[in-house]
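Visitor: Here it is, the structure, as structure tokens.
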Amino acid sequence: MYDLFVIGAGPGGYEAAARAGKLGKKVALAEKQYMGGVCLNVGCIPTKTYLRSAKLMTDCREASAFAIDVSAPRLDLPALAARKDRVVGTLVKGVETLLKRSGVEVIRGHARLTSRNTVEVEGQPCQAANILIATGSRPAVPPVPGIDSASVVDSSSVFALKQIPGKLAIIGGGYIGLEFASFFAAAGSEVVVFEMLPQIASGCDRDIADRLHRELRRQGIAIRTSVKVTAIEKNVLHFTEAGGEKGRFEADSILNATGRQPVVEDLGLERAGVDFDRKGVRTSDRGKTNVPGVWACGDCTGRRLLAHAATREGIVAVNNMFGREDRLRYETIPSVIYTHPEVASVGWTEQELEAKGIPFKKSQVPMAYSGRFMIDNPQGTGLAKVLVGARYGEILGVHVLGDSSSEFIVAAAAMMEMELCASDVAGVVFPHPTVSEAMKEAILRAAE
């Protein structure tokens with residue numbers, strides 16, 4: 001009998017298993033494909049590896065602004081893919097080492113529940129006092145005729161491309177589509193993004209999304225919003241504009257970046273009585289499902305499809321199942337879009353606060369307020385936007401457009417987690433010169 005059986009070795013699953021193992025519990029983890037999950041193997045890490053090279057390409061092209069003469073850069077895609085594989089391989093070994101040191105038994109194969117305390121892996125039953133479902137997500141497939149054409153790739157199979165496409169159509173203007181748009185545009189592709197909604201980066205504060213839209217267009221990325229893709233014929237994408245006008249775009253490759261879908265099929269959830277639907281396994285902020293002893297974390301819950309959210313959800317579930325009271329505050333989980341420039345956010349957007357009827361004050365500070373930002377981004381633009389409660393000045397949301405924002409948004413998340421008011425931040429010393437000083441200035445102005 002295991003104290004915990006984890007299904008899925010992504011960031012939520014392997015971190016939770018390791019945590020329980022370090023507590024002295026008997027733990028098993030089943031994984032049928034990727035040790036480290038989608039994020040490590042075909043998601044977060046490979047994408048950011050590619051984006052790092054894209055940023056270097058852009059830096060080379062703009063090197064004259066730094067008084068450096070650089071000849072025209074050329075991207076070697078096979079060499080970049082090899083580098084990505086080395087990075088992934090090293091990190092996968094790190095995950096395997098972590099699990100081994102934590103005393104976690106790793107079982108290879110497809111796992112499914114046969115009861116509330118039994119998991120079957122390739123026909124072998126395993127008893128467990130607690131079961132943690134951490135099966136992640138997969139690329140969503142919209143009901144578009146021809147979406148299975150040979151010219152269409154998704155966020156996983158795109159890494160198998162052998163050359164940079166001359167023309168690339170991207171279906172979806174969310175974080176996945178925009179990050180790949182940044183990479184391929186920097187690598188030399190003619191990129192067109194087709195987004196069904198009137199705004200790219202759905203879920204972002206509108207001021208930030210609008211400024212990002214303008215910056216990406218300045219970089220040569222064509223973005224068409226309020227457009228519905230109706231069909232794909234070989235390498236031709238057909239679409240309809242908001243006004244009903246029909247159009248077509250011929251591309252060398254088409255990237256389906258319409259989001260991700262929780263993996264909940266063929267897991268025996270119905271048999272165990274777990275409450276779920278295609279949007280994910282329903283859980284509390286403590287990781288509990290409706291079935292005692294069955295827990296869930298990560299993308300399979302459909303709550304926050306982010307690797308760091310999955311990790312925290314897994315730790316919260318383990319803490320609660322073994323007697324330590326814990327809960328997750330979803331409003332303090334930061335998110336990042338790794339475009340150039342980056343977008344980093346935590347908390348509520350202005351539109352969400354308006355919809356909830358919560359009185360608030362806001363402040364906006366251009367990133368040019370920061371000397372370090374001006375040094376690093378001679379042609380860059382950006383914005384730090386802060387939302388605070390109208391009465392007490394509690395920090396409700398922080399949204400930043402500007403490179404390096406991914407590295408300091410955690411400070412805003414910590415402020416919110418500790419329930420600081422904007423006026424409290426006056427006593428926090430930020431190092432100078434740093435890009436984060438623009439965020440601090442926006443917070444202090446919101447306190448006025």
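Chains: A, B, ... in order of the structure tokens. Residues: from 1 per chain. Ligands: from 1, in order shown.
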List as a list in words the protein and nucleic acid residues near range 402-417 of chain A, meaning an atom at most 6 Å away when only C-alpha atoms are counted, but skip any in the same chain fewer than 2 places from it.
Guide: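 Here the qualifying residues turn out to be Thr332, Pro341, Glu342, Ala344, Gly382, Glu419 and Leu420 of chain A.
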Visitor: Run DSSP on the backbone and tell me which residues of range 164-413 of chain A come out as alpha helix (DSSP H); list them as a VMD selection string.
Guide: chain A and resid 175 to 187 206 to 218 269 to 272 307 to 321 350 to 356 371 to 376 405 to 413
Visitor: Skipping near chain neighbours, those fewer than 6 positions away, what residues fall within 12 Å of Ala63 in chain A using only C-alpha atoms, listed as a VMD selection string?
Guide: chain A and resid 55 to 57 69 to 73 376 to 379
Visitor: Against range 139-142 of chain A, which residues of range 210-243 of chain A fall within 12 Å? For each one I want the closest pair of atoms and the distance in Å (one decimal), counting only C-alpha atoms, rows by chain and increasing residue number, as a Markdown table.
Guide:
| residue | atom | partner | partner_atom | distance |
| --- | --- | --- | --- | --- |
| A:Lys228 | CA | A:Pro142 | CA | 11.1 |
| A:Val229 | CA | A:Pro142 | CA | 9.6 |
| A:Thr230 | CA | A:Pro142 | CA | 10.2 |
| A:Ala231 | CA | A:Pro142 | CA | 10.6 |
| A:Ile232 | CA | A:Pro142 | CA | 11.7 |
Visitor: If you count only C-alpha atoms, which residues fall within 8 Å of range 291-301 of chain A, apart from same-chain ones fewer than 2 positions away, as a VMD selection string?
Guide: chain A and resid 11 to 13 116 to 117 129 to 137 261 to 264 272 to 274 279 to 283 287 to 289 303 to 307 309 to 311 313 to 314 317 321
Visitor: Determine the nearest neighbour of Val6 in chain A from the options A:Val192, A:Val87, A:Val106, A:Val227, counting only C-alpha atoms.
Guide: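 Looking at the shortest contact to Val6 in chain A, the residue is A:Val106.
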Visitor: I'd like to know which of A:Arg108, A:Arg74, A:Arg278, A:His399 is closest to Cys204 in chain A, using only C-alpha atoms.
Guide: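 Smallest separation from Cys204 in chain A among the options: A:His399.
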